[in-house]
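Let me begin by presenting the structure, written as structure tokens, before commenting on it.
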Amino acid sequence: MIIDTEFGQFEMIKDYRDAFDLVKFQERYVDVAFDRYTYLVGDMSSGMLRIKGFNSDPKSPNGYKRIPDYLNESCQLNCAHYILKRMKPAQNKLIDIND
């Protein structure tokens, strides 16, 4: 599923227990902090949305392969959560019809 936000488009990878709420996401999203990440994990903790970013390098300390560790170690057991993957903006290509 593709999610359109004011911060770009994201692909919904996982939405466990219907955790995703567009309004809450847009309220908590801070572009300076999260624009550099490819993957975003949102989890509900004590009624509040927490967002954590992960990059696309699997070997990085914040790589996407660490998402399961984050969910197991930093989130409440069986908490509602979601994983979003940032989509690259479509590149506009000009076609020369004279060729």
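Convention: chains lettered A, B, ... in structure tokens order; per-chain residue numbering from 1; ligands numbered from 1 as shown.
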*Run DSSP on the backbone and give me the residues of chain A it puts in strand (DSSP E or B), as a PyMOL selection string.*
chain A and resi 2-5+8-16+39-45+48-55+63+81-86
_Neighbour list for stretch 13-29 of chain A as a list in words, cut-off 10 Å, only C-alpha atoms, skip fewer than 6 positions in-chain_ =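 Those residues are Met1, Ile2, Ile3, Asp4, Thr5, Glu6, Phe7, Asp35, Tyr39, Leu40, Val41, Gly42, Asp43, Met44, Met48, Leu49, Arg50, Ile51, Lys52, Asn78, Cys79, Ala80, His81, Tyr82, Ile83, Leu84 and Lys85 of chain A.
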*stretch 64-73 of chain A environment, 6 Å, only C-alpha atoms, sequence neighbours closer than 2 positions dropped, as a PyMOL selection string*: chain A and resi 54-56+58+75
_Between A:Pro89, A:Leu77, A:Gly53, A:Gly8, which residue has the minimum interatomic distance to A:Tyr37, considering only C-alpha atoms?_
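Using only C-alpha atoms, the shortest distance to A:Tyr37 belongs to A:Gly53.
Those residues in stretch 3-98 of chain A carrying a DSSP assignment of helix (DSSP H, G or I), computed from the backbone, are Leu22, Val23, Lys24, Phe25, Gln26, Glu27, Arg28, Asp31, Val32, Ala33, Phe34, Tyr64, Lys65, Arg66, Ile67, Pro68, Asp69, Tyr70, Leu71, Asn72, Glu73 and Ser74 of chain A.
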*For atom CA of A:Val32 and atom CA of A:Asn62, quote the distance in Å rounded to one decimal.*
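So the two atoms, atom CA of A:Val32 and atom CA of A:Asn62, lie 16.6 Å apart.
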*Pick from A:Thr38, A:Val30, A:Met12, A:Asp57, whichever lies nearest to A:Lys88 using only C-alpha atoms*: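 Nearest to A:Lys88: A:Thr38.
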